[in-house]
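A.B. asks: So here's query.txt, just compact mmCIF, C-alpha atoms and all ligand atoms:
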```
# COMPACT_ATOMS: atom_id res chain seq x y z
CA MET A 1 132.23 -105.75 -145.88
CA LEU A 2 132.99 -109.37 -145.17
CA LEU A 3 131.11 -111.90 -147.21
CA CYS A 4 131.05 -115.59 -147.76
CA SER A 5 129.81 -115.74 -151.31
CA GLN A 6 126.79 -118.01 -151.28
CA ASP A 7 126.28 -117.66 -155.03
CA ALA A 8 129.76 -118.77 -155.94
CA GLY A 9 129.92 -121.32 -153.14
CA ILE A 10 133.35 -120.13 -152.10
CA SER A 11 134.55 -118.27 -149.09
CA CYS A 12 135.95 -114.85 -149.82
CA THR A 13 136.49 -111.39 -148.45
CA VAL A 14 134.82 -108.55 -150.30
CA SER A 15 134.50 -104.95 -149.30
CA ILE A 16 131.72 -102.72 -150.49
CA PRO A 17 130.00 -100.04 -148.44
CA VAL A 18 126.24 -100.19 -147.89
CA VAL A 19 124.18 -97.14 -146.91
CA TYR A 20 121.04 -97.35 -144.78
CA HIS A 21 119.19 -95.40 -142.08
CA PRO A 22 116.80 -96.93 -139.50
CA LEU A 23 114.31 -94.13 -140.17
CA TYR A 24 113.89 -95.00 -143.87
CA SER A 25 110.77 -97.08 -143.25
CA ALA A 26 108.53 -94.28 -141.99
CA PRO A 27 105.13 -95.48 -140.78
CA LEU A 28 102.25 -95.29 -143.27
CA PRO A 29 98.61 -96.33 -142.86
CA SER A 30 98.46 -100.13 -143.32
CA SER A 31 96.11 -99.67 -146.25
CA HIS A 32 98.65 -97.57 -148.17
CA ARG A 33 99.89 -99.23 -151.33
CA PHE A 34 103.49 -98.04 -151.10
CA PRO A 35 105.53 -100.88 -149.46
CA MET A 36 107.36 -98.57 -147.03
CA ALA A 37 108.52 -101.44 -144.77
CA LYS A 38 110.75 -102.77 -147.55
CA PHE A 39 113.78 -100.69 -146.58
CA ARG A 40 113.90 -102.05 -143.02
CA LEU A 41 113.14 -105.60 -144.17
CA LEU A 42 115.81 -105.45 -146.86
CA GLN A 43 118.45 -104.45 -144.35
CA GLN A 44 117.26 -107.23 -142.00
CA LEU A 45 117.36 -109.81 -144.78
CA LEU A 46 120.89 -108.87 -145.82
CA LEU A 47 122.05 -109.05 -142.20
CA SER A 48 120.32 -112.36 -141.54
CA ARG A 49 121.88 -113.91 -144.66
CA ASP A 50 125.27 -112.64 -143.54
CA LEU A 51 125.60 -110.65 -146.75
CA ILE A 52 126.28 -107.50 -144.76
CA ARG A 53 127.46 -106.84 -141.19
CA GLU A 54 125.88 -104.26 -138.90
CA HIS A 55 129.03 -102.32 -138.10
CA GLN A 56 129.83 -101.89 -141.78
CA ILE A 57 126.61 -100.05 -142.64
CA HIS A 58 127.07 -96.34 -143.28
CA GLN A 59 124.34 -94.11 -141.86
CA PRO A 60 123.69 -90.91 -143.80
CA LEU A 61 122.88 -87.44 -142.55
CA SER A 62 119.96 -85.53 -144.05
CA VAL A 63 120.89 -83.70 -147.22
CA SER A 64 121.68 -80.06 -146.54
CA ARG A 65 119.25 -77.45 -147.75
CA ARG A 66 122.03 -75.93 -149.84
CA ASP A 67 122.66 -79.20 -151.65
CA LEU A 68 118.96 -79.95 -152.11
CA GLU A 69 118.49 -76.53 -153.70
CA ARG A 70 121.04 -77.36 -156.39
CA ILE A 71 118.10 -79.25 -157.94
CA HIS A 72 114.89 -78.40 -156.12
CA ARG A 73 113.11 -75.07 -155.83
CA ARG A 74 112.90 -73.60 -152.36
CA ASP A 75 109.17 -72.93 -152.55
CA TYR A 76 108.58 -76.59 -153.39
CA HIS A 77 110.72 -78.21 -150.70
CA GLN A 78 109.48 -75.78 -148.07
CA ALA A 79 105.85 -76.38 -148.97
CA PHE A 80 106.35 -80.16 -148.91
CA SER A 81 108.29 -80.17 -145.64
CA SER A 82 105.67 -78.06 -143.84
CA ASP A 83 102.76 -80.02 -145.34
CA GLN A 84 101.63 -76.98 -147.31
CA LEU A 85 101.42 -78.52 -150.78
CA THR A 86 98.07 -78.15 -152.52
CA ARG A 87 95.79 -81.19 -152.65
CA PRO A 88 96.56 -81.87 -156.34
CA GLU A 89 100.32 -81.58 -155.68
CA GLN A 90 99.98 -83.96 -152.74
CA ARG A 91 97.88 -86.41 -154.73
CA ARG A 92 100.41 -86.42 -157.54
CA ILE A 93 103.06 -87.60 -155.04
CA GLY A 94 100.79 -90.15 -153.38
CA LEU A 95 102.46 -90.03 -149.97
CA PRO A 96 101.39 -88.02 -146.88
CA ALA A 97 103.79 -85.34 -145.59
CA THR A 98 103.88 -86.65 -142.01
CA LYS A 99 106.90 -85.72 -139.89
CA PRO A 100 108.56 -89.17 -140.18
CA LEU A 101 107.93 -89.19 -143.94
CA VAL A 102 109.47 -85.74 -144.36
CA GLN A 103 112.45 -86.79 -142.27
CA ARG A 104 113.08 -89.97 -144.25
CA THR A 105 112.77 -88.02 -147.49
CA TRP A 106 115.63 -85.67 -146.56
CA LEU A 107 117.65 -88.60 -145.19
CA ALA A 108 117.31 -90.70 -148.34
CA VAL A 109 118.74 -87.91 -150.51
CA GLY A 110 121.66 -87.66 -148.09
CA GLY A 111 121.95 -91.45 -148.39
CA THR A 112 122.33 -91.44 -152.14
CA LEU A 113 124.85 -88.60 -151.96
CA LEU A 114 126.85 -90.58 -149.39
CA THR A 115 126.63 -93.68 -151.59
CA THR A 116 128.05 -91.83 -154.59
CA ARG A 117 130.95 -90.52 -152.52
CA LEU A 118 131.66 -94.02 -151.18
CA ALA A 119 131.48 -95.39 -154.72
CA LEU A 120 134.11 -92.88 -155.85
CA GLN A 121 136.35 -94.01 -152.99
CA HIS A 122 135.77 -97.76 -153.21
CA GLY A 123 134.64 -98.38 -156.79
CA LEU A 124 131.22 -99.67 -155.79
CA ALA A 125 128.66 -98.82 -153.11
CA SER A 126 125.00 -99.70 -152.58
CA HIS A 127 122.19 -97.64 -151.10
CA LEU A 128 119.33 -99.66 -149.58
CA ALA A 129 116.90 -96.94 -150.75
CA GLY A 130 116.85 -94.20 -153.40
CA GLY A 131 115.92 -93.91 -157.05
CA THR A 132 113.03 -91.44 -156.73
CA HIS A 133 113.33 -90.56 -160.40
CA HIS A 134 109.88 -89.03 -161.03
CA ALA A 135 110.66 -85.99 -158.86
CA HIS A 136 111.12 -82.78 -160.88
CA PRO A 137 112.78 -79.57 -159.64
CA GLY A 138 109.45 -78.00 -158.69
CA PHE A 139 107.09 -80.88 -158.03
CA GLY A 140 106.93 -84.50 -156.97
CA SER A 141 105.16 -87.40 -158.66
CA GLY A 142 104.57 -91.14 -158.42
CA PHE A 143 105.83 -91.70 -154.83
CA CYS A 144 108.87 -89.51 -155.59
CA ILE A 145 109.38 -86.27 -153.67
CA PHE A 146 113.04 -85.29 -154.11
CA ASN A 147 115.24 -86.64 -156.90
CA ASP A 148 118.08 -88.18 -154.90
CA CYS A 149 120.20 -89.25 -157.87
CA ALA A 150 119.89 -85.83 -159.51
CA VAL A 151 120.89 -84.02 -156.31
CA ALA A 152 123.89 -86.33 -155.83
CA ALA A 153 125.00 -85.91 -159.45
CA ARG A 154 124.73 -82.11 -159.24
CA VAL A 155 126.67 -81.94 -155.96
CA LEU A 156 129.52 -84.06 -157.36
CA LEU A 157 129.72 -81.90 -160.48
CA ASP A 158 129.59 -78.63 -158.55
CA GLU A 159 132.29 -79.78 -156.15
CA GLY A 160 134.52 -81.02 -158.98
CA ASP A 161 134.53 -84.67 -157.88
CA VAL A 162 133.60 -85.84 -161.39
CA LYS A 163 133.47 -84.21 -164.81
CA GLN A 164 130.90 -86.53 -166.41
CA LEU A 165 128.21 -88.82 -164.96
CA MET A 166 125.76 -91.31 -166.33
CA LEU A 167 122.41 -92.21 -164.81
CA VAL A 168 121.56 -95.77 -165.83
CA ASP A 169 117.89 -96.03 -164.97
CA LEU A 170 116.48 -99.55 -165.39
CA ASP A 171 113.42 -99.06 -163.19
CA VAL A 172 110.42 -100.13 -165.28
CA HIS A 173 109.07 -96.56 -165.29
CA GLN A 174 110.63 -93.88 -167.44
CA GLY A 175 113.01 -91.53 -165.59
CA ASP A 176 111.13 -88.35 -166.46
CA GLY A 177 112.21 -86.33 -163.42
CA SER A 178 115.90 -87.06 -163.92
CA ALA A 179 115.62 -86.26 -167.63
CA ALA A 180 113.97 -82.93 -166.77
CA CYS A 181 116.67 -82.07 -164.21
CA PHE A 182 119.46 -82.56 -166.76
CA ALA A 183 117.84 -81.61 -170.06
CA ASP A 184 120.40 -78.80 -170.50
CA GLU A 185 123.32 -80.46 -168.73
CA PRO A 186 125.65 -82.37 -171.06
CA ARG A 187 127.78 -83.54 -168.13
CA VAL A 188 124.98 -85.83 -166.92
CA PHE A 189 124.00 -88.45 -169.48
CA THR A 190 120.60 -90.00 -168.81
CA LEU A 191 119.67 -93.49 -170.00
CA SER A 192 116.24 -94.93 -169.30
CA VAL A 193 115.08 -98.45 -170.23
CA HIS A 194 111.40 -98.82 -169.40
CA ALA A 195 107.99 -100.22 -170.33
CA ALA A 196 106.72 -97.93 -173.09
CA SER A 197 103.08 -98.05 -172.06
CA ASN A 198 103.70 -97.54 -168.35
CA PHE A 199 103.65 -94.46 -166.09
CA PRO A 200 104.46 -91.63 -166.66
CA LEU A 201 102.00 -91.04 -169.47
CA ARG A 202 103.95 -88.00 -170.65
CA LYS A 203 107.65 -88.92 -170.88
CA VAL A 204 110.46 -86.38 -170.73
CA SER A 205 113.20 -87.29 -173.20
CA SER A 206 116.37 -88.74 -171.70
CA ASP A 207 119.63 -88.62 -173.68
CA VAL A 208 118.79 -92.20 -174.63
CA ASP A 209 115.39 -93.77 -174.03
CA ILE A 210 114.78 -97.44 -174.74
CA PRO A 211 111.04 -98.11 -174.54
CA LEU A 212 110.07 -101.78 -174.33
CA ALA A 213 106.86 -103.58 -175.28
CA ASP A 214 104.59 -105.04 -172.60
CA GLY A 215 105.58 -108.58 -171.67
CA THR A 216 109.26 -108.23 -172.67
CA SER A 217 111.07 -111.26 -171.24
CA ASP A 218 114.56 -111.89 -169.84
CA GLU A 219 116.24 -112.74 -173.12
CA ASP A 220 115.09 -109.72 -175.13
CA TYR A 221 115.59 -107.38 -172.18
CA LEU A 222 119.15 -108.53 -171.50
CA GLN A 223 120.05 -108.44 -175.16
CA THR A 224 118.75 -104.88 -175.51
CA ILE A 225 120.83 -103.66 -172.60
CA GLY A 226 123.86 -105.72 -173.60
CA ASP A 227 123.69 -104.23 -177.11
CA ARG A 228 123.54 -100.60 -175.97
CA LEU A 229 125.15 -100.06 -172.59
CA PRO A 230 128.78 -100.99 -173.37
CA GLU A 231 128.98 -98.67 -176.39
CA LEU A 232 127.39 -95.85 -174.43
CA LEU A 233 129.92 -96.27 -171.63
CA ASP A 234 132.75 -96.22 -174.18
CA THR A 235 131.38 -93.08 -175.82
CA ILE A 236 130.43 -91.09 -172.72
CA GLN A 237 133.25 -92.32 -170.47
CA PRO A 238 131.55 -91.24 -167.24
CA GLY A 239 133.56 -90.80 -164.06
CA LEU A 240 130.66 -92.36 -162.14
CA VAL A 241 127.54 -94.36 -162.97
CA ILE A 242 124.51 -94.05 -160.71
CA TYR A 243 122.52 -97.21 -161.30
CA ASN A 244 118.79 -97.38 -160.54
CA ALA A 245 118.25 -101.12 -160.15
CA GLY A 246 114.46 -100.96 -159.79
CA VAL A 247 112.95 -104.43 -159.60
CA ASP A 248 109.56 -103.48 -161.04
CA PRO A 249 110.36 -105.01 -164.47
CA HIS A 250 109.64 -108.33 -162.67
CA ARG A 251 106.75 -110.35 -164.09
CA ASP A 252 104.92 -110.43 -160.73
CA ASP A 253 105.25 -106.71 -160.08
CA ARG A 254 101.90 -104.95 -159.59
CA LEU A 255 102.96 -101.85 -161.52
CA GLY A 256 105.35 -103.44 -164.00
CA ARG A 257 104.09 -104.80 -167.34
CA LEU A 258 107.35 -106.55 -168.26
CA SER A 259 108.05 -110.24 -167.65
CA LEU A 260 111.47 -110.57 -166.06
CA THR A 261 112.26 -113.39 -163.65
CA ASP A 262 114.40 -113.16 -160.51
CA GLN A 263 117.23 -114.71 -162.50
CA GLY A 264 116.74 -112.14 -165.27
CA LEU A 265 116.99 -109.26 -162.79
CA LEU A 266 120.12 -110.75 -161.25
CA MET A 267 121.73 -111.20 -164.68
CA ARG A 268 120.81 -107.62 -165.56
CA ASP A 269 122.52 -106.32 -162.42
CA HIS A 270 125.62 -108.40 -163.18
CA LEU A 271 125.64 -107.12 -166.76
CA VAL A 272 125.48 -103.46 -165.72
CA LEU A 273 128.01 -103.71 -162.93
CA ASP A 274 130.46 -105.77 -164.96
CA ALA A 275 130.22 -103.40 -167.95
CA CYS A 276 131.13 -100.47 -165.67
CA LEU A 277 133.74 -102.09 -163.48
CA ARG A 278 135.68 -103.65 -166.37
CA ARG A 279 136.06 -100.07 -167.67
CA ASN A 280 137.12 -98.89 -164.20
CA ILE A 281 133.97 -96.80 -163.88
CA PRO A 282 132.77 -96.58 -160.25
CA VAL A 283 129.11 -97.43 -159.62
CA ALA A 284 126.67 -96.26 -156.96
CA THR A 285 123.51 -98.38 -156.85
CA VAL A 286 120.04 -97.39 -155.61
CA ILE A 287 117.15 -99.83 -155.26
CA GLY A 288 114.43 -97.97 -157.19
CA GLY A 289 110.86 -99.24 -157.48
CA GLY A 290 109.23 -102.57 -156.71
CA TYR A 291 105.61 -103.33 -155.85
CA ASP A 292 104.55 -106.74 -154.57
CA GLU A 293 104.05 -108.63 -151.32
CA LEU A 294 106.86 -107.66 -149.00
CA SER A 295 108.58 -111.03 -148.79
CA PRO A 296 109.24 -111.68 -152.50
CA LEU A 297 109.80 -107.96 -153.06
CA VAL A 298 112.57 -107.72 -150.50
CA MET A 299 114.24 -110.82 -151.95
CA ARG A 300 114.20 -109.07 -155.31
CA HIS A 301 115.75 -105.87 -153.92
CA ALA A 302 118.49 -107.99 -152.35
CA LEU A 303 119.58 -109.14 -155.82
CA ILE A 304 121.47 -105.93 -156.56
CA VAL A 305 123.49 -106.30 -153.37
CA ARG A 306 124.23 -109.95 -154.20
CA ALA A 307 125.37 -108.92 -157.67
CA ALA A 308 127.43 -106.04 -156.27
CA LEU A 309 129.23 -108.30 -153.80
CA GLU A 310 130.00 -110.87 -156.46
CA GLN A 311 131.17 -108.24 -158.96
CA ALA A 312 133.35 -106.62 -156.32
CA ARG A 313 135.00 -110.00 -155.80
CA LEU A 314 135.42 -110.65 -159.51
CA HIS A 315 136.95 -107.21 -160.11
CA GLY A 316 139.16 -107.30 -157.02
CA LEU A 317 137.63 -104.36 -155.19
ZN ZN B 401 109.26 -97.83 -161.03
```
How does the structure come out when it is put into structure tokens?
Ligand SMILES: [Zn+2]
C.D. replies:
Amino acid sequence: MLLCSQDAGISCTVSIPVVYHPLYSAPLPSSHRFPMAKFRLLQQLLLSRDLIREHQIHQPLSVSRRDLERIHRRDYHQAFSSDQLTRPEQRRIGLPATKPLVQRTWLAVGGTLLTTRLALQHGLASHLAGGTHHAHPGFGSGFCIFNDCAVAARVLLDEGDVKQLMLVDLDVHQGDGSAACFADEPRVFTLSVHAASNFPLRKVSSDVDIPLADGTSDEDYLQTIGDRLPELLDTIQPGLVIYNAGVDPHRDDRLGRLSLTDQGLLMRDHLVLDACLRRNIPVATVIGGGYDELSPLVMRHALIVRAALEQARLHGL
């Protein structure tokens, strides 16, 4: 992708693939608290700021049933897709199984899989969706229906594209679904840094969990990640990192509880990407959670793409 780096104030040419589908923002009732329009608005913002160009966006296909079933049980995905989940199962997800919602759910998993493949080819790729980390093999939870990162990781392992992966999950909520998917899989290392007192109430242990106190600010947050992530990368030596860059650790987030600023989130994204790229570890990014008014929220989700473009330039991708 061509980019004039606004952050650095210098003109440059950087190439990273971005994955998006126009059907990601499925219609929801206007009263619904999930900000479904954010995917479309994020893509529009990036285009309008000239950070990405239309013809360079990769459009995914829906994940195949075969690939989805590497993680998810058939009875679950069939019940969800035909709107046959029980009321409690549906309530636990918190999203209605309308046709457009079902369609975007299958597409978004395909999108993360495509992003990981592009990351392996190019060193870095960004999905303008994804990170539904509360989805377990047999049930969904907390706005998460299918676990896109888990499906992508399993496909890459099964097809021999990588021998070892790491999920770096910095969404403010603990990555319980991903941890459950890979509890017995040493080839997928799960790291979750999250607000200790936040959803989900019952955590599932990741390989490394770093629970943080309410109100944790930029400095402590960045130091915690800076202290742990580099040594973990050196020890695990993953062939790919899938990075959940959720922006809900932000201090204004409705579901957050931490106190990061925009600048703190941007520095976090730079820290993660730089730590990986300087070790020649490819990174696929997904946007994860974020809950606020659409305008500031979409600006926050754009930070990971800004960081990715700048890091691609710095590392000569
Ligand atoms: Zn979250």
A.B. asks: Counting only C-alpha atoms and all ligand atoms, which residues of chain A fall within 9 Å of ligand ZN 401 (chain B), and what is the closest atom pair for each with its distance in Å at one decimal, ordered by chain and rising number, as a tab-separated table?
C.D. replies:
```
residue	atom	partner	partner_atom	distance
A:Gly131	CA	B:ZN401	ZN	8.7
A:Thr132	CA	B:ZN401	ZN	8.6
A:His133	CA	B:ZN401	ZN	8.4
A:His134	CA	B:ZN401	ZN	8.8
A:Gly142	CA	B:ZN401	ZN	8.6
A:Leu170	CA	B:ZN401	ZN	8.6
A:Asp171	CA	B:ZN401	ZN	4.8
A:Val172	CA	B:ZN401	ZN	5.0
A:His173	CA	B:ZN401	ZN	4.4
A:Gln174	CA	B:ZN401	ZN	7.7
A:Gly175	CA	B:ZN401	ZN	8.6
A:His194	CA	B:ZN401	ZN	8.7
A:Phe199	CA	B:ZN401	ZN	8.3
A:Gly246	CA	B:ZN401	ZN	6.2
A:Val247	CA	B:ZN401	ZN	7.7
A:Asp248	CA	B:ZN401	ZN	5.7
A:Pro249	CA	B:ZN401	ZN	8.0
A:Leu255	CA	B:ZN401	ZN	7.5
A:Gly256	CA	B:ZN401	ZN	7.5
A:Gly288	CA	B:ZN401	ZN	6.4
A:Gly289	CA	B:ZN401	ZN	4.1
A:Gly290	CA	B:ZN401	ZN	6.4
A:Tyr291	CA	B:ZN401	ZN	8.4
```
A.B. asks: A:Asp176, A:Glu231, A:Asp161, A:Asp218: which is nearest Pro200 in chain A, counting all atoms listed in the file?
C.D. replies: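 Comparing A:Asp176, A:Glu231, A:Asp161, A:Asp218 against Pro200 in chain A, the winner is A:Asp176.
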A.B. asks: Distance table requested - range 118-213 of chain A against range 276-281 of chain A, cut-off 9 Å, all atoms listed in the file: one row per qualifying residue with the closest atom pair and its distance in Å to one decimal, ordered by chain and rising residue number, as CSV.
C.D. replies:
```
residue,atom,partner,partner_atom,distance
A:Leu120,CA,A:Ile281,CA,8.9
A:Gly123,CA,A:Ile281,CA,7.3
A:Leu124,CA,A:Leu277,CA,8.4
```
A.B. asks: Step by step, gather every atom of range 169-188 of chain A that the file lists, find the box along x, y and z that holds them, add 3 Å on each side, and finally give centre and edge lengths in Å to one decimal, as JSON.
C.D. replies:
```
{"center_x": 118.4, "center_y": -89.5, "center_z": -167.1, "size_x": 24.7, "size_y": 27.3, "size_z": 13.9}
```
A.B. asks: Which residues are near Trp106 in chain A? Cut-off 12 Å, only C-alpha atoms, ignore same chain within fewer than 6 positions. Put them as a PDB file with C-alpha atoms, in the frame of the given file.
C.D. replies:
```
ATOM      1  CA  HIS A  21     119.190 -95.400-142.080  1.00  0.00           C
ATOM      2  CA  LEU A  23     114.310 -94.130-140.170  1.00  0.00           C
ATOM      3  CA  TYR A  24     113.890 -95.000-143.870  1.00  0.00           C
ATOM      4  CA  PRO A  60     123.690 -90.910-143.800  1.00  0.00           C
ATOM      5  CA  LEU A  61     122.880 -87.440-142.550  1.00  0.00           C
ATOM      6  CA  SER A  62     119.960 -85.530-144.050  1.00  0.00           C
ATOM      7  CA  VAL A  63     120.890 -83.700-147.220  1.00  0.00           C
ATOM      8  CA  SER A  64     121.680 -80.060-146.540  1.00  0.00           C
ATOM      9  CA  ARG A  65     119.250 -77.450-147.750  1.00  0.00           C
ATOM     10  CA  ASP A  67     122.660 -79.200-151.650  1.00  0.00           C
ATOM     11  CA  LEU A  68     118.960 -79.950-152.110  1.00  0.00           C
ATOM     12  CA  GLU A  69     118.490 -76.530-153.700  1.00  0.00           C
ATOM     13  CA  HIS A  77     110.720 -78.210-150.700  1.00  0.00           C
ATOM     14  CA  GLN A  78     109.480 -75.780-148.070  1.00  0.00           C
ATOM     15  CA  PHE A  80     106.350 -80.160-148.910  1.00  0.00           C
ATOM     16  CA  SER A  81     108.290 -80.170-145.640  1.00  0.00           C
ATOM     17  CA  ALA A  97     103.790 -85.340-145.590  1.00  0.00           C
ATOM     18  CA  LYS A  99     106.900 -85.720-139.890  1.00  0.00           C
ATOM     19  CA  PRO A 100     108.560 -89.170-140.180  1.00  0.00           C
ATOM     20  CA  THR A 112     122.330 -91.440-152.140  1.00  0.00           C
ATOM     21  CA  LEU A 113     124.850 -88.600-151.960  1.00  0.00           C
ATOM     22  CA  GLY A 130     116.850 -94.200-153.400  1.00  0.00           C
ATOM     23  CA  THR A 132     113.030 -91.440-156.730  1.00  0.00           C
ATOM     24  CA  CYS A 144     108.870 -89.510-155.590  1.00  0.00           C
ATOM     25  CA  ILE A 145     109.380 -86.270-153.670  1.00  0.00           C
ATOM     26  CA  PHE A 146     113.040 -85.290-154.110  1.00  0.00           C
ATOM     27  CA  ASN A 147     115.240 -86.640-156.900  1.00  0.00           C
ATOM     28  CA  ASP A 148     118.080 -88.180-154.900  1.00  0.00           C
ATOM     29  CA  VAL A 151     120.890 -84.020-156.310  1.00  0.00           C
TER      30      VAL A 151
END
```
A.B. asks: Name the closest residue to Asp252 in chain A among the candidates A:Ala26, A:Leu297, A:Ala179, A:Leu165; distances are taken between atoms, counting all atoms listed in the file.
C.D. replies: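 The closest residue to Asp252 in chain A is A:Leu297.
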A.B. asks: How many Å separate CA of Thr86 in chain A from CA of Ser30 in chain A?
C.D. replies: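 About the pair CA of Thr86 in chain A and CA of Ser30 in chain A: they are 23.8 Å apart.
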A.B. asks: Excluding same-chain residues fewer than 5 positions from Tyr243 in chain A, what lies within 8 Å of it counting all atoms listed in the file, as a PyMOL selection string?
C.D. replies: chain A and resi 167-170+283-286
A.B. asks: Given the choices A:Gly264, A:Pro17, A:Gly140, A:Pro88, which gets closest to His55 in chain A if the distance is worked out from all atoms listed in the file?
C.D. replies: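 Going through A:Gly264, A:Pro17, A:Gly140, A:Pro88 one by one, the smallest distance to His55 in chain A is for A:Pro17.
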A.B. asks: With all atoms listed in the file as the atoms that count, which of A:Leu45, A:Ala213, A:Pro22, A:His315 lies nearest to Arg300 in chain A?
C.D. replies: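 Among the listed residues, A:Leu45 lies closest to Arg300 in chain A.
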A.B. asks: Show me as an MDAnalysis selection string the residues that reach within 12 Å of (104.3, -95.4, -143.7), counting all atoms listed in the file and using the file's own coordinates.
C.D. replies: chainID A and resid 23:40 94:105 143
A.B. asks: Pick the closest to Gly239 in chain A from A:Arg187, A:His127, A:Arg92, A:Arg53: which is it, counting all atoms listed in the file?
C.D. replies: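 Of all the options, A:Arg187 lies closest to Gly239 in chain A.
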A.B. asks: Measuring atom to atom with only C-alpha atoms, identify which of A:Gln43, A:Arg313, A:Val109, A:Leu51 is nearest to His301 in chain A.
C.D. replies: A:Gln43
A.B. asks: Have a look at CA of Ile236 in chain A and CA of Ser206 in chain A and let me know their distance in Å, one decimal.
C.D. replies: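 Between CA of Ile236 in chain A and CA of Ser206 in chain A the gap works out to 14.3 Å.
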A.B. asks: Range 266-275 of chain A: which residues within 8 Å, counting only C-alpha atoms, same-chain residues fewer than 4 positions away excluded, as a ChimeraX atom specification?
C.D. replies: /A:222,226,229-230,245,262,279,283,303-304,307-308,311
A.B. asks: Around the point (119.3, -93.4, -174.7), in the coordinates given by the file, pick out the residues reaching within 7 Å, counting all atoms listed in the file, and return them as a list in words.
C.D. replies: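 Every polymer residue passing the test: Thr190, Leu191, Ser192, Ser206, Asp207, Val208, Asp209 and Ile210 of chain A.
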A.B. asks: So what do you get for CA of Glu185 in chain A versus CA of Lys203 in chain A, distance-wise?
C.D. replies: 17.9 Å
